[in-house]
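A short worksheet on the structure shown next.
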Amino acid sequence: MKQKIKTNGGAAMLIMVVFFLFISLAIISGLVSPSVREVQSVAENLNSKKSYFLSESGAEDAMYRILAGKNIGTSETITLDSNTTTTNITTTVNQKEIISLGSVKNFQRKVDMILQEGAGVGFNYGIQSGNGGFILDGGSKIIGNVYSNGNIQANNKITGTAIAAGGASFIGDNANPNDPVTIGTSGVGDAWAYKVVGANVAGNLYCQVKANTNKVCNTSKGIPPAIDMPFTDENINEWKAEGTAGGIITGATNCHGGYSGGNCHVDWANATFGPGKITGNLVVDGGGTLTLTGTIYVMGTITVSGGGSIKLPSNFNQYSATIVTDGQVVLSGGSYTGSGAPGSYLFVVTTNTCSGSSSGCGLSGSNNNALTVTAGSGAIAVCAQSGKVALSGGITINSATGKTISVTGGSTVSYDQGLASPEFQSGPSGGWGLAGWKETN
């Protein structure tokens, strides 16, 4: 007997296989999709973190450059592994805002950092003068930047940027525009003032009026604002208090050249002291060397001549020290040095108001200036924010600050970047401090 062959069995099997396949695919999809989403989420999170760390790196790089006194523009871009962060820096009177935007594969994170100018001192220019202005002639030059709240009357060379603040300020030599001042070098170094006359500018020329210059005025920046001097009354009072706390410097133990009426004389026998207070005048001459071991407050005048010198001890390392006085200062010889380590300087500061033509300013050799330097060199910054600083005689120093400043007679002011944030073993410290940090949208 013949059996009937079933022809629909294969179809049923095929349906079962297809059904099983769909079930399997559904199960696999259910298992794989979360994994794919997790991998994608991890990748997105990683790119977001990369963007964040990139933006933070840009902000920290900008902060380092500002704290170290290095050159930095208003906008900087850093590229890492084909990804970029753009940092923009906005400066107000005593703050800098750093905004850094990092971008990795279209994922962006932004960091906002605020730097506050410290209560200490920070010398950001080779020359910084008040509204009395700045005069540069006689073959002298400035290696660095100049900022004046008055005019910059110059016909020699400023290797950096020159800025003269105020609505009628000028840079150059108004009386002789055919004797030009050279500003900047190798394409770097701007001139910015209301008027620029008789100038060859390597960088940008920002002005409203010009005469006999090598470039046309860029008027976009307007007129430069006046800025504050590097240190405050609080800084000066802190130095005075520190010196006073060290006790009165008297007698043969400290003043080997003689002590009379509160005056301290240091000569060939040398001397080492500080912190301390001198109630009269300080005189260093006869080839003598005064080694400062702390802040000195001199109530009278300061005179260094005849090969005298002032220095800091080697154990000061990177630290600086200050001699502060209410009287006139005349430095007419010798050398002035820090400890020998980078960032160590001697600061000579006076609150004296003698302006070069003042009556009652008769210290020998002063020419009626608050602070006069006619010879010598070294790691020194001189400051007379309320009076006139006069530099002449072929000297070489690091920075000068004064209400009025003149640099003549082949002298050189060569700015050192370490002066942007000097450190002191005690008393005020300069530079910028971190005032705020946050991530923003």
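Chains: A, B, ... in order of the structure tokens. Residues: from 1 per chain. Ligands: from 1, in order shown.
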Test item: residues at most 12 Å from A:Asn214, only C-alpha atoms, excluding those fewer than 3 positions along its chain, as a tab-separated table (two decimals) with C-alpha atoms, in the first residue's frame:
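Result saved to selection_16.tsv:
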chain	number	residue	atom	x	y	z
A	178	ASN	CA	62.79	114.69	12.34
A	180	PRO	CA	62.58	109.87	15.46
A	181	VAL	CA	62.23	107.43	18.32
A	182	THR	CA	62.42	103.71	17.46
A	183	ILE	CA	59.75	101.62	19.15
A	191	ALA	CA	53.03	102.67	20.09
A	196	VAL	CA	52.57	110.00	17.86
A	197	VAL	CA	55.17	112.20	16.23
A	198	GLY	CA	58.54	111.28	14.77
A	199	ALA	CA	58.43	107.51	15.37
A	200	ASN	CA	59.46	104.32	13.61
A	201	VAL	CA	57.16	101.64	15.05
A	202	ALA	CA	57.85	97.92	14.57
A	203	GLY	CA	54.40	96.73	15.66
A	204	ASN	CA	51.06	98.53	15.58
A	205	LEU	CA	50.59	102.29	15.67
A	210	LYS	CA	50.35	111.49	13.77
A	211	ALA	CA	53.26	113.30	12.18
A	217	CYS	CA	47.25	105.68	12.70
For A:Asn83, list every protein, DNA or RNA residue within 9 Å, evaluated using only C-alpha atoms, and leave out those in the same chain fewer than 6 positions away; present the list as JSON, numbers by chain.
-> {"A": [51, 54, 102, 103, 104, 105]}
Keeping only N, CA and C atoms, write those residues as a PDB file, in the first residue's frame.
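Done, and the output landed in out_32.pdb:
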ATOM      1  N   SER A  51      37.300  67.698  26.384  1.00  0.00           N
ATOM      2  CA  SER A  51      37.041  69.110  26.134  1.00  0.00           C
ATOM      3  C   SER A  51      37.235  69.929  27.397  1.00  0.00           C
ATOM      4  N   LEU A  54      40.921  70.122  28.241  1.00  0.00           N
ATOM      5  CA  LEU A  54      41.572  70.979  27.273  1.00  0.00           C
ATOM      6  C   LEU A  54      41.326  72.448  27.606  1.00  0.00           C
ATOM      7  N   GLY A 102      37.175  74.879  25.292  1.00  0.00           N
ATOM      8  CA  GLY A 102      37.741  73.681  24.684  1.00  0.00           C
ATOM      9  C   GLY A 102      36.722  72.993  23.792  1.00  0.00           C
ATOM     10  N   SER A 103      37.180  72.415  22.686  1.00  0.00           N
ATOM     11  CA  SER A 103      36.277  71.757  21.736  1.00  0.00           C
ATOM     12  C   SER A 103      36.890  70.452  21.257  1.00  0.00           C
ATOM     13  N   VAL A 104      36.166  69.327  21.519  1.00  0.00           N
ATOM     14  CA  VAL A 104      36.586  68.002  21.072  1.00  0.00           C
ATOM     15  C   VAL A 104      35.402  67.338  20.393  1.00  0.00           C
ATOM     16  N   LYS A 105      35.483  67.168  19.060  1.00  0.00           N
ATOM     17  CA  LYS A 105      34.440  66.501  18.281  1.00  0.00           C
ATOM     18  C   LYS A 105      33.060  67.102  18.584  1.00  0.00           C
TER      19      LYS A 105
END
Residues within 7 Å of A:Asn151, only C-alpha atoms, excluding chain neighbours under 4 positions, as a ChimeraX atom specification = /A:133-134,164,169-171
Within 9 Å of A:Gly243, counting only C-alpha atoms, which residues qualify if same-chain residues fewer than 6 places away don't, as a count of residues only?
-> 12
State, in Å with one decimal place, the distance from atom CA of A:Gly288 to atom CA of A:Tyr259.
-> 15.0 Å
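Separating atom CA of A:Ala341 from atom CA of A:Thr412 is a distance of 21.5 Å.
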May I have the residues within 6 Å of stretch 327-334 of chain A as a list of chain:residue names, using only C-alpha atoms and disregarding those fewer than 3 positions away in the same chain?
-> A:Gly300, A:Thr301, A:Ile302, A:Thr303, A:Val304, A:Ser305, A:Gly307, A:Gly308, A:Ser309, A:Asn352, A:Ser366, A:Ala370, A:Leu371, A:Thr372, A:Val373, A:Thr374, A:Ala375, A:Gly376
List every residue of stretch 161-307 of chain A that DSSP, applied to the backbone, labels as helix (DSSP H, G or I), and write the result as a PyMOL selection string.
-> chain A and resi 233-245+251-254
Save the residues we just selected, C-alpha atoms, as a short mmCIF file (atom, residue, chain, number, x, y, z; two decimals), in the first residue's frame?
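Written out: out-v9.cif:
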data_model
loop_
_atom_site.label_atom_id
_atom_site.label_comp_id
_atom_site.auth_asym_id
_atom_site.auth_seq_id
_atom_site.Cartn_x
_atom_site.Cartn_y
_atom_site.Cartn_z
CA ASP A 233 50.48 103.41 50.77
CA GLU A 234 49.70 100.11 52.51
CA ASN A 235 52.78 98.52 50.92
CA ILE A 236 54.99 101.39 52.06
CA ASN A 237 53.58 101.38 55.59
CA GLU A 238 54.12 97.64 55.74
CA TRP A 239 57.78 98.06 54.80
CA LYS A 240 58.19 100.83 57.36
CA ALA A 241 56.57 98.73 60.06
CA GLU A 242 58.77 95.78 59.23
CA GLY A 243 61.91 97.91 59.45
CA THR A 244 60.75 99.54 62.69
CA ALA A 245 60.04 96.13 64.24
CA GLY A 251 76.56 102.33 67.01
CA ALA A 252 79.83 100.79 65.89
CA THR A 253 78.34 97.30 65.71
CA ASN A 254 76.31 98.24 62.64
#
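Near A:Tyr147, within 10 Å and counting only C-alpha atoms, sit A:Asn124, A:Tyr125, A:Gly126, A:Ile127, A:Gln128, A:Ser129, A:Gly130, A:Gly133, A:Phe134, A:Ile152, A:Thr161, A:Ala162, A:Ile163, A:Ala164, A:Ala165, A:Trp192, A:Pro224, A:Ala226, A:Ile227, A:Thr401; same-chain residues fewer than 5 positions away were not included.
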